[in-house]
>>> print(open('protein.txt').read())   # compact mmCIF, C-alpha atoms
# COMPACT_ATOMS: atom_id res chain seq x y z
CA MET A 281 198.81 67.69 76.79
CA LYS A 282 201.55 70.12 77.78
CA TYR A 283 198.88 72.62 78.78
CA LEU A 284 197.30 70.19 81.24
CA PRO A 285 199.64 70.92 84.17
CA ILE A 286 199.20 74.65 83.60
CA SER A 287 195.43 74.29 83.46
CA LEU A 288 195.44 72.14 86.58
CA THR A 289 197.62 74.65 88.44
CA PHE A 290 195.32 77.45 87.33
CA LEU A 291 192.27 75.46 88.39
CA LEU A 292 193.86 74.69 91.74
CA PHE A 293 194.66 78.36 92.25
CA ALA A 294 191.14 79.39 91.22
CA CYS A 295 189.65 76.89 93.66
CA ALA A 296 191.98 77.86 96.48
CA SER A 297 190.27 78.95 99.64
CA PHE A 298 189.85 82.58 100.54
CA PRO A 299 192.24 82.39 103.57
CA LYS A 300 194.94 80.81 101.41
CA LYS A 301 194.61 83.41 98.65
CA TYR A 302 194.86 86.28 101.13
CA ASN A 303 197.58 84.69 103.28
CA LEU A 304 195.44 84.48 106.38
CA GLY A 305 196.93 82.48 109.23
CA ARG A 306 194.71 80.25 111.32
CA ILE A 307 194.63 81.22 115.01
CA ASP A 308 193.23 79.65 118.17
CA SER A 309 190.48 81.54 119.91
CA ASP A 310 187.71 80.91 122.41
CA VAL A 311 185.41 83.37 120.68
CA ALA A 312 182.49 81.32 119.39
CA ILE A 313 180.12 84.01 118.13
CA ALA A 314 180.72 86.85 115.68
CA VAL A 315 178.54 89.77 116.74
CA ASN A 316 177.00 92.39 114.44
CA PRO A 317 175.63 95.02 116.85
CA TYR A 318 174.54 97.60 114.27
CA PHE A 319 170.80 96.86 114.30
CA SER A 320 170.55 95.46 117.80
CA ASP A 321 168.91 98.27 119.78
CA ILE A 322 165.19 97.69 120.18
CA SER A 323 164.58 101.34 121.14
CA MET A 324 166.19 102.75 117.99
CA ASP A 325 164.55 103.70 114.69
CA TYR A 326 167.37 103.07 112.21
CA ILE A 327 166.80 105.54 109.36
CA TYR A 328 169.19 105.87 106.41
CA LYS A 329 169.23 107.83 103.19
CA ALA A 330 169.99 105.24 100.54
CA LYS A 331 171.68 105.66 97.19
CA ILE A 332 171.60 102.66 94.89
CA ASN A 333 173.79 102.34 91.81
CA PHE A 334 173.19 99.54 89.39
CA GLY A 335 175.35 99.74 86.29
CA GLU A 336 174.69 103.17 84.81
CA LYS A 337 171.47 103.64 86.72
CA SER A 338 171.11 105.38 90.04
CA PHE A 339 168.20 105.94 92.36
CA GLY A 340 167.61 106.81 95.98
CA GLY A 341 165.30 106.27 98.88
CA ILE A 342 164.89 105.97 102.61
CA PHE A 343 165.96 102.74 104.28
CA VAL A 344 164.39 101.88 107.62
CA VAL A 345 165.21 99.07 110.05
CA LYS A 346 163.46 98.36 113.34
CA LYS A 347 164.25 95.58 115.77
CA PHE A 348 161.30 94.09 117.63
CA GLY A 349 162.96 91.28 119.58
CA PRO A 350 165.61 88.59 119.33
CA GLU A 351 166.01 87.67 115.64
CA HIS A 352 163.06 89.83 114.67
CA HIS A 353 163.58 92.83 112.37
CA ARG A 354 161.44 94.83 110.01
CA VAL A 355 163.12 96.34 106.94
CA VAL A 356 161.33 98.98 104.86
CA PHE A 357 162.42 100.97 101.83
CA THR A 358 160.52 104.04 100.66
CA THR A 359 161.14 106.73 98.08
CA GLU A 360 162.20 110.16 99.40
CA LEU A 361 158.61 111.21 98.79
CA GLY A 362 157.30 108.56 101.13
CA ASN A 363 155.98 105.86 98.79
CA LYS A 364 156.76 102.41 100.16
CA LEU A 365 158.70 100.21 97.75
CA PHE A 366 159.06 97.15 99.93
CA ASP A 367 158.44 96.09 103.51
CA PHE A 368 159.97 92.84 104.81
CA SER A 369 159.98 91.07 108.17
CA PHE A 370 162.68 88.71 109.34
CA ILE A 371 161.50 86.54 112.22
CA LYS A 372 164.08 83.89 113.12
CA ASN A 373 164.40 81.90 109.90
CA GLU A 374 161.09 83.09 108.52
CA PHE A 375 161.03 85.76 105.83
CA ARG A 376 157.78 87.64 105.30
CA ILE A 377 156.91 90.12 102.56
CA ASN A 378 154.51 92.65 104.07
CA PHE A 379 154.48 94.71 100.90
CA ILE A 380 156.34 94.97 97.64
CA LEU A 381 155.71 97.25 94.69
CA SER A 382 154.49 95.08 91.81
CA GLU A 383 157.30 96.39 89.57
CA MET A 384 159.84 95.06 92.10
CA ASN A 385 158.11 91.76 92.71
CA LYS A 386 160.74 89.69 90.92
CA LYS A 387 162.04 86.46 92.41
CA ILE A 388 165.71 87.17 91.66
CA LEU A 389 165.55 90.70 93.15
CA ILE A 390 163.67 89.56 96.26
CA SER A 391 166.18 86.79 96.86
CA LEU A 392 169.06 89.29 96.60
CA LEU A 393 167.40 91.80 98.95
CA LYS A 394 166.43 89.05 101.38
CA LYS A 395 170.03 87.83 101.55
CA ASP A 396 171.50 91.33 101.92
CA PHE A 397 169.18 92.48 104.66
CA PHE A 398 169.35 89.20 106.53
CA VAL A 399 173.15 89.48 106.63
CA LEU A 400 172.88 93.14 107.64
CA THR A 401 170.52 92.49 110.56
CA HIS A 402 171.81 89.04 111.62
CA GLU A 403 173.31 89.67 115.05
CA ASN A 404 175.04 86.47 116.11
CA ALA A 405 176.85 84.16 113.72
CA ASN A 406 178.56 80.94 114.81
CA ILE A 407 182.27 81.07 114.10
CA LEU A 408 183.67 78.10 112.21
CA ASN A 409 187.31 79.23 112.00
CA HIS A 410 189.47 82.12 113.19
CA TYR A 411 192.12 83.74 111.00
CA GLN A 412 194.47 86.66 111.20
CA LYS A 413 196.78 88.54 108.91
CA ILE A 414 199.65 90.29 110.63
CA GLY A 415 198.84 93.97 111.04
CA ASP A 416 195.36 93.37 109.69
CA SER A 417 191.93 92.51 111.06
CA THR A 418 190.81 89.30 112.68
CA TYR A 419 188.73 87.22 110.27
CA PHE A 420 185.91 85.08 111.64
CA GLU A 421 184.67 82.52 109.17
CA THR A 422 180.91 81.91 109.46
CA LYS A 423 178.12 80.38 107.43
CA ILE A 424 174.73 82.00 106.92
CA GLY A 425 172.48 79.64 104.99
CA ASN A 426 174.75 77.92 102.49
CA ASN A 427 177.01 80.91 102.04
CA THR A 428 180.39 81.60 103.60
CA TYR A 429 181.03 84.95 105.23
CA PHE A 430 184.10 86.42 106.88
CA TYR A 431 183.48 88.93 109.67
CA LEU A 432 186.43 91.34 109.87
CA THR A 433 187.02 92.91 113.25
CA THR A 434 189.61 95.34 114.50
CA ASP A 435 189.87 96.06 118.23
CA GLU A 436 186.92 93.69 118.66
CA ARG A 437 184.77 95.91 116.49
CA LEU A 438 183.12 94.61 113.33
CA HIS A 439 183.89 96.79 110.32
CA LYS A 440 183.36 94.54 107.33
CA ILE A 441 181.56 91.37 106.27
CA LEU A 442 182.77 89.56 103.15
CA GLU A 443 180.71 87.00 101.31
CA THR A 444 183.06 84.60 99.57
CA LYS A 445 182.84 81.78 97.09
CA GLY A 446 186.02 79.75 96.86
CA SER A 447 188.77 82.34 96.94
CA LYS A 448 186.64 85.15 95.52
CA VAL A 449 184.82 87.94 97.31
CA LYS A 450 181.27 88.06 95.96
CA SER A 451 179.94 90.90 98.10
CA ASP A 452 181.06 93.08 100.93
CA TYR A 453 179.28 94.99 103.67
CA ILE A 454 181.34 97.86 105.05
CA PHE A 455 180.44 99.62 108.30
CA THR A 456 181.96 103.06 108.94
CA GLU A 457 181.35 106.20 111.01
CA LEU A 458 180.82 103.93 114.00
CA GLU A 459 179.23 105.57 117.04
CA ASN A 460 178.96 103.03 119.84
CA ASP A 461 176.80 100.33 118.25
CA HIS A 462 175.49 102.52 115.45
CA ALA A 463 177.09 102.38 112.00
CA ARG A 464 176.21 105.76 110.52
CA GLU A 465 177.45 104.70 107.10
CA ILE A 466 177.08 101.33 105.45
CA LYS A 467 178.14 100.30 101.97
CA ILE A 468 177.03 97.07 100.31
CA GLN A 469 178.83 96.07 97.12
CA HIS A 470 177.96 93.16 94.88
CA LYS A 471 181.07 92.69 92.80
CA ASN A 472 179.65 90.27 90.24
CA ILE A 473 176.59 92.28 89.21
CA GLY A 474 177.85 95.85 89.73
CA LEU A 475 175.28 96.75 92.36
CA THR A 476 176.18 99.19 95.15
CA ILE A 477 173.98 100.34 98.02
CA ASP A 478 175.19 103.32 100.07
CA LEU A 479 173.42 104.05 103.34
CA LYS A 480 173.89 107.22 105.38
CA ALA A 481 172.11 107.65 108.72
CA ILE A 482 169.81 110.67 108.89
CA MET B 210 126.54 112.46 141.99
CA ARG B 211 130.24 112.55 141.11
CA LYS B 212 129.68 109.77 138.62
CA LEU B 213 126.84 111.70 137.02
CA LEU B 214 128.98 114.83 136.81
CA PHE B 215 131.78 112.81 135.23
CA LEU B 216 129.32 111.38 132.70
CA ILE B 217 128.01 114.84 131.80
CA VAL B 218 131.54 116.17 131.34
CA LEU B 219 132.46 113.13 129.25
CA ILE B 220 129.41 113.49 126.99
CA ALA B 221 130.03 117.22 126.62
CA HIS B 222 133.64 116.54 125.63
CA THR B 223 132.71 113.79 123.21
CA SER B 224 130.10 115.91 121.48
CA LEU B 225 132.63 118.74 121.32
CA LEU B 226 135.07 116.38 119.64
CA PHE B 227 132.45 115.33 117.11
CA ALA B 228 131.54 118.96 116.56
CA GLN B 229 135.09 119.72 115.43
CA GLU B 230 134.66 118.25 111.96
CA SER B 231 131.44 117.77 110.05
CA THR B 232 130.30 116.89 106.55
CA MET B 233 129.65 119.81 104.21
CA SER B 234 126.13 120.30 102.91
CA ASP B 235 125.53 120.43 99.14
CA PRO B 236 125.29 124.26 99.07
CA GLU B 237 128.49 124.43 101.14
CA ILE B 238 130.26 122.11 98.68
CA THR B 239 129.12 124.30 95.79
CA SER B 240 130.34 127.48 97.44
CA PHE B 241 133.63 125.80 98.50
CA LYS B 242 134.26 124.64 94.91
CA ALA B 243 133.54 128.14 93.63
CA MET B 244 136.01 129.54 96.17
CA VAL B 245 138.73 127.08 95.06
CA ASN B 246 138.06 127.92 91.41
CA LYS B 247 138.28 131.65 92.11
CA THR B 248 141.56 131.29 94.03
CA SER B 249 143.09 128.99 91.45
CA LYS B 250 142.41 131.38 88.57
CA THR B 251 144.63 134.00 90.17
CA MET B 252 147.52 131.69 91.00
CA ILE B 253 150.48 131.79 88.66
CA THR B 254 153.25 130.84 91.04
CA ILE B 255 153.47 129.42 94.54
CA GLN B 256 156.61 129.13 96.62
CA SER B 257 156.36 127.46 99.97
CA ASN B 258 158.33 125.68 102.65
CA PHE B 259 157.14 122.22 103.57
CA THR B 260 157.64 119.63 106.27
CA GLN B 261 157.03 116.01 105.41
CA TYR B 262 156.15 113.44 108.08
CA LYS B 263 156.42 109.81 107.09
CA HIS B 264 154.41 107.86 109.62
CA MET B 265 154.87 104.13 110.01
CA ASP B 266 153.05 102.58 112.94
CA PHE B 267 156.01 100.47 114.03
CA LEU B 268 158.43 103.41 114.34
CA SER B 269 158.83 105.38 117.57
CA ASN B 270 158.96 108.68 115.63
CA ASP B 271 157.82 109.90 112.23
CA ILE B 272 160.59 110.43 109.69
CA THR B 273 160.70 114.20 109.26
CA THR B 274 162.14 115.84 106.17
CA LYS B 275 161.98 119.49 105.14
CA GLY B 276 162.31 121.51 102.01
CA LYS B 277 160.80 123.97 99.54
CA MET B 278 158.05 123.52 96.99
CA ALA B 279 157.72 125.66 93.89
CA PHE B 280 154.82 125.70 91.44
CA LYS B 281 154.46 127.60 88.21
CA ALA B 282 151.34 127.47 86.06
CA PRO B 283 150.33 125.54 84.15
CA ASP B 284 152.00 122.40 85.48
CA MET B 285 155.60 122.76 86.68
CA VAL B 286 156.29 121.59 90.23
CA LYS B 287 159.54 121.21 92.12
CA TRP B 288 159.97 119.48 95.48
CA GLU B 289 163.35 120.34 96.92
CA TYR B 290 164.35 118.52 100.11
CA THR B 291 167.03 120.36 102.04
CA ASP B 292 167.04 118.72 105.46
CA PRO B 293 168.36 116.21 106.52
CA PHE B 294 169.55 115.51 102.95
CA LYS B 295 169.58 117.31 99.62
CA TYR B 296 167.28 115.87 97.00
CA SER B 297 165.03 117.41 94.41
CA ILE B 298 162.38 116.12 92.07
CA ILE B 299 160.84 118.18 89.27
CA PHE B 300 157.60 117.35 87.47
CA LYS B 301 157.55 119.14 84.16
CA GLU B 302 155.57 118.22 81.04
CA ASP B 303 155.43 114.55 82.04
CA GLN B 304 159.14 114.55 82.73
CA LEU B 305 160.56 113.56 86.06
CA LEU B 306 163.94 115.11 86.86
CA ILE B 307 165.80 113.97 89.95
CA ASN B 308 168.87 115.43 91.61
CA ASP B 309 170.03 113.22 94.48
CA SER B 310 172.80 115.20 96.23
CA GLY B 311 174.43 115.95 92.89
CA THR B 312 173.58 112.69 91.13
CA LYS B 313 171.19 113.70 88.36
CA SER B 314 168.78 111.35 86.66
CA ASN B 315 165.42 111.25 85.03
CA MET B 316 164.61 107.76 86.17
CA ASP B 317 161.27 106.92 87.65
CA LEU B 318 160.86 104.02 90.00
CA GLY B 319 157.33 103.23 88.93
CA ASN B 320 155.67 103.97 92.22
CA ASN B 321 156.22 107.65 91.60
CA MET B 322 153.12 107.25 89.49
CA LEU B 323 151.35 107.75 92.82
CA PHE B 324 153.23 110.91 93.51
CA LYS B 325 152.49 112.05 89.98
CA LYS B 326 148.84 111.50 90.83
CA LEU B 327 149.22 113.47 94.06
CA ASN B 328 151.10 116.13 92.21
CA GLN B 329 148.37 116.24 89.59
CA LEU B 330 145.85 116.63 92.43
CA ILE B 331 147.70 119.63 93.82
CA VAL B 332 148.18 121.15 90.39
CA ASN B 333 144.50 120.56 89.61
CA SER B 334 143.44 122.07 92.90
CA ILE B 335 145.38 125.17 91.93
CA LYS B 336 144.07 125.18 88.38
CA GLY B 337 140.54 124.68 89.58
CA ASN B 338 139.66 121.49 87.74
CA LEU B 339 140.33 119.34 90.78
CA PHE B 340 136.77 118.27 91.22
CA GLN B 341 136.39 117.09 87.65
CA ASP B 342 138.83 114.24 88.32
CA SER B 343 136.81 111.11 87.63
CA ASP B 344 139.50 108.83 89.06
CA PHE B 345 138.33 109.54 92.62
CA THR B 346 135.30 109.42 94.84
CA MET B 347 135.30 112.63 96.88
CA SER B 348 133.86 113.52 100.26
CA TYR B 349 133.84 117.00 101.80
CA PHE B 350 134.29 118.06 105.42
CA LYS B 351 134.58 121.31 107.32
CA ASP B 352 136.16 122.35 110.58
CA PRO B 353 136.53 125.78 112.25
CA LYS B 354 140.06 125.93 110.82
CA TYR B 355 139.96 124.13 107.48
CA PHE B 356 138.06 122.48 104.65
CA LYS B 357 138.97 118.88 104.03
CA VAL B 358 138.43 116.76 100.94
CA ILE B 359 139.05 113.02 100.92
CA PHE B 360 139.83 111.49 97.53
CA ILE B 361 139.40 107.73 97.34
CA PRO B 362 140.89 106.20 94.19
CA LYS B 363 138.56 104.15 92.03
CA ASP B 364 141.36 102.33 90.24
CA GLU B 365 142.09 98.98 91.92
CA LYS B 366 145.82 99.20 91.11
CA ILE B 367 146.19 102.60 92.81
CA LYS B 368 143.99 101.40 95.68
CA ALA B 369 146.49 98.63 96.43
CA TYR B 370 149.04 101.33 97.29
CA ILE B 371 147.01 104.30 98.46
CA ALA B 372 143.74 104.10 100.35
CA SER B 373 143.11 107.84 100.14
CA PHE B 374 144.54 111.26 99.40
CA ILE B 375 143.40 113.94 101.85
CA LEU B 376 143.75 117.64 101.04
CA PHE B 377 143.30 120.34 103.68
CA PHE B 378 142.39 123.85 102.45
CA ASN B 379 142.59 127.04 104.49
CA LYS B 380 139.29 128.78 105.01
CA GLU B 381 140.35 132.24 103.88
CA GLN B 382 141.57 131.56 100.34
CA ALA B 383 140.73 127.86 99.99
CA ASP B 384 144.27 126.99 98.99
CA VAL B 385 146.01 123.75 99.92
CA MET B 386 147.75 123.89 103.32
CA GLU B 387 148.28 120.17 103.98
CA VAL B 388 148.31 116.94 102.02
CA LYS B 389 148.06 113.43 103.38
CA MET B 390 148.57 110.16 101.49
CA VAL B 391 147.16 107.24 103.45
CA GLU B 392 148.31 103.71 102.64
CA PRO B 393 146.01 100.67 102.96
CA THR B 394 147.90 99.74 106.18
CA ASN B 395 147.08 103.22 107.62
CA ASP B 396 150.72 104.30 107.44
CA TYR B 397 150.78 107.71 105.82
CA THR B 398 152.84 110.57 104.41
CA ARG B 399 151.78 114.03 105.57
CA ILE B 400 153.08 117.22 103.95
CA VAL B 401 152.44 120.53 105.70
CA PHE B 402 153.02 123.80 103.81
CA THR B 403 154.25 126.94 105.58
CA ASP B 404 155.32 130.48 104.55
CA ARG B 405 153.48 130.38 101.25
CA GLN B 406 154.24 133.14 98.77
CA ILE B 407 151.75 133.60 95.99
CA ASN B 408 152.58 135.04 92.56
CA LYS B 409 156.11 136.05 93.48
CA PRO B 410 158.20 136.03 90.25
CA LEU B 411 159.65 132.57 89.62
CA ASP B 412 162.14 131.91 86.86
CA ASN B 413 161.75 128.84 84.62
CA GLU B 414 165.39 128.05 85.47
CA VAL B 415 164.17 126.80 88.86
CA PHE B 416 162.57 123.86 87.07
CA THR B 417 165.74 122.59 85.43
CA ASN B 418 168.01 119.92 86.81
>>> encode(input="protein.txt", output="structure tokens")
Amino acid sequence: MKYLPISLTFLLFACASFPKKYNLGRIDSDVAIAVNPYFSDISMDYIYKAKINFGEKSFGGIFVVKKFGPEHHRVVFTTELGNKLFDFSFIKNEFRINFILSEMNKKILISLLKKDFFVLTHENANILNHYQKIGDSTYFETKIGNNTYFYLTTDERLHKILETKGSKVKSDYIFTELENDHAREIKIQHKNIGLTIDLKAI
Amino acid sequence: MRKLLFLIVLIAHTSLLFAQESTMSDPEITSFKAMVNKTSKTMITIQSNFTQYKHMDFLSNDITTKGKMAFKAPDMVKWEYTDPFKYSIIFKEDQLLINDSGTKSNMDLGNNMLFKKLNQLIVNSIKGNLFQDSDFTMSYFKDPKYFKVIFIPKDEKIKAYIASFILFFNKEQADVMEVKMVEPTNDYTRIVFTDRQINKPLDNEVFTN
């Protein structure tokens, strides 16, 4: 019985919200949309050399994104040698598989890739709450599907997206080497499964 | 009159275009195969630069990568990409060795089976037993500048990924100067070889990771 209060406190702490855990203060703001501009140019071919680490395993490829119109992107991954591994289209809320290598045609993997690349190419997210930490970035809380994301901006420039569950960060998307609206380096990290995707523009 | 002239010019141009590439006759195929066999027997090593063009219809530009290819008989091949990134892949006795900017592995992602097949095609074209490959239906073409052979896979599984492999041979020595892998969607990967050096000494060390 004496452990009950401790357990409850622990449970309460574990269930605490992400802003509370990281001491984020709520702020007032008129900004209603969090913008991710990094795949927004219709005239650009976005080509990245990708390095994927999953546990002890590592493999590479070429990651390609092309925007065709509002909320319409094509995402393709090939080996360095040119073989296509998958080819997806995101058209508004529709997700289309144009091609996937049979060895990769696994529900769990597709759902992970679909989520990652939708977040990566999703340009405008409705802001639910605004937060700030003194001396740190502005945090815009958004929801994509049923998941909660925090868009971190500094000087009105997006540099990180965090996917959270309760107080925990599940995944992060880090944008660096920013040249205008082109992120020349992107890192995606899935903390819970030990999967990292490093993208370098070529 | 002007219309007639235009029509004549158009027909002349069209027939010229069609004249560029034609099907080889049976005797031509026989002599071409003999030429490839003769060349392949003398080839022990090949070192060449290559430029790879990945064409996807929806992109504004092909993705261009460059590097060096090394072959040593009987079946060692190394593709070393140097620009715009460093990456190498070695095919050696059924092994696949990868060095991705310093990260070494021998992992295959499955689809490299296709590249193994392409690699086997190139190796076989050098060894001279290319045309004994029963996995493909072959058709032969000629042009003033090259011989071209289209390999269409018979295997349904390979066909789902690759509609055809196309090899271009130069007319002087009948060695491979260009390779094209065409996907069922018509997107393709084209590899063009330049500065080929034949039978220049090549250490086995080159084929280690």
>>> residues_near_point(input="protein.txt", point="(181.0, 103.7, 111.8)", cutoff="12 Å", atoms="all atoms listed in the file", output="MDAnalysis selection string")
chainID A and resid 317:318 437:440 454:467 479:481
>>> residues_near_point(input="protein.txt", point="(168.9, 90.2, 105.2)", cutoff="12 Å", atoms="only C-alpha atoms", output="ChimeraX atom specification")
/A:319,345,351-356,368-376,390-403,424-425,453,468
>>> closest_residue(input="protein.txt", among="A:Val311, A:Asn316, A:Asn303, A:Phe348", to="chain B", atoms="all atoms listed in the file")
A:Phe348
>>> interface_residues(input="protein.txt", of="chain B", to="chain A", cutoff="10 Å", atoms="only C-alpha atoms", output="ChimeraX atom specification")
/B:261-265,267-274,288,290,292-294,296-298,307-310,312-324,366,369-371,390,392,394,396-400
>>> write_last_selection(input="protein.txt", atoms="C-alpha atoms", output="JSON list (two decimals), in the coordinates of the input")
[["chain", "number", "residue", "atom", "x", "y", "z"],
["B", 261, "GLN", "CA", 157.03, 116.01, 105.41],
["B", 262, "TYR", "CA", 156.15, 113.44, 108.08],
["B", 263, "LYS", "CA", 156.42, 109.81, 107.09],
["B", 264, "HIS", "CA", 154.41, 107.86, 109.62],
["B", 265, "MET", "CA", 154.87, 104.13, 110.01],
["B", 267, "PHE", "CA", 156.01, 100.47, 114.03],
["B", 268, "LEU", "CA", 158.43, 103.41, 114.34],
["B", 269, "SER", "CA", 158.83, 105.38, 117.57],
["B", 270, "ASN", "CA", 158.96, 108.68, 115.63],
["B", 271, "ASP", "CA", 157.82, 109.90, 112.23],
["B", 272, "ILE", "CA", 160.59, 110.43, 109.69],
["B", 273, "THR", "CA", 160.70, 114.20, 109.26],
["B", 274, "THR", "CA", 162.14, 115.84, 106.17],
["B", 288, "TRP", "CA", 159.97, 119.48, 95.48],
["B", 290, "TYR", "CA", 164.35, 118.52, 100.11],
["B", 292, "ASP", "CA", 167.04, 118.72, 105.46],
["B", 293, "PRO", "CA", 168.36, 116.21, 106.52],
["B", 294, "PHE", "CA", 169.55, 115.51, 102.95],
["B", 296, "TYR", "CA", 167.28, 115.87, 97.00],
["B", 297, "SER", "CA", 165.03, 117.41, 94.41],
["B", 298, "ILE", "CA", 162.38, 116.12, 92.07],
["B", 307, "ILE", "CA", 165.80, 113.97, 89.95],
["B", 308, "ASN", "CA", 168.87, 115.43, 91.61],
["B", 309, "ASP", "CA", 170.03, 113.22, 94.48],
["B", 310, "SER", "CA", 172.80, 115.20, 96.23],
["B", 312, "THR", "CA", 173.58, 112.69, 91.13],
["B", 313, "LYS", "CA", 171.19, 113.70, 88.36],
["B", 314, "SER", "CA", 168.78, 111.35, 86.66],
["B", 315, "ASN", "CA", 165.42, 111.25, 85.03],
["B", 316, "MET", "CA", 164.61, 107.76, 86.17],
["B", 317, "ASP", "CA", 161.27, 106.92, 87.65],
["B", 318, "LEU", "CA", 160.86, 104.02, 90.00],
["B", 319, "GLY", "CA", 157.33, 103.23, 88.93],
["B", 320, "ASN", "CA", 155.67, 103.97, 92.22],
["B", 321, "ASN", "CA", 156.22, 107.65, 91.60],
["B", 322, "MET", "CA", 153.12, 107.25, 89.49],
["B", 323, "LEU", "CA", 151.35, 107.75, 92.82],
["B", 324, "PHE", "CA", 153.23, 110.91, 93.51],
["B", 366, "LYS", "CA", 145.82, 99.20, 91.11],
["B", 369, "ALA", "CA", 146.49, 98.63, 96.43],
["B", 370, "TYR", "CA", 149.04, 101.33, 97.29],
["B", 371, "ILE", "CA", 147.01, 104.30, 98.46],
["B", 390, "MET", "CA", 148.57, 110.16, 101.49],
["B", 392, "GLU", "CA", 148.31, 103.71, 102.64],
["B", 394, "THR", "CA", 147.90, 99.74, 106.18],
["B", 396, "ASP", "CA", 150.72, 104.30, 107.44],
["B", 397, "TYR", "CA", 150.78, 107.71, 105.82],
["B", 398, "THR", "CA", 152.84, 110.57, 104.41],
["B", 399, "ARG", "CA", 151.78, 114.03, 105.57],
["B", 400, "ILE", "CA", 153.08, 117.22, 103.95]]
>>> closest_residue(input="protein.txt", among="B:Tyr349, B:Phe360, B:Tyr355, B:Phe300", to="Asn379 in chain B", atoms="all atoms listed in the file")
B:Tyr355
>>> atom_distance(input="protein.txt", atom1="CA of Lys277 in chain B", atom2="CA of Thr291 in chain B")
7.6 Å
>>> atom_distance(input="protein.txt", atom1="CA of Ser451 in chain A", atom2="CA of Gly311 in chain B")
26.2 Å
>>> atom_distance(input="protein.txt", atom1="CA of Phe356 in chain B", atom2="CA of Asp266 in chain B")
26.3 Å
>>> residues_around(input="protein.txt", residues="Met233 in chain B", least_positions_apart="2", cutoff="12 Å", atoms="all atoms listed in the file", output="PyMOL selection string")
chain B and resi 230-231+235-242+347-352+355-358
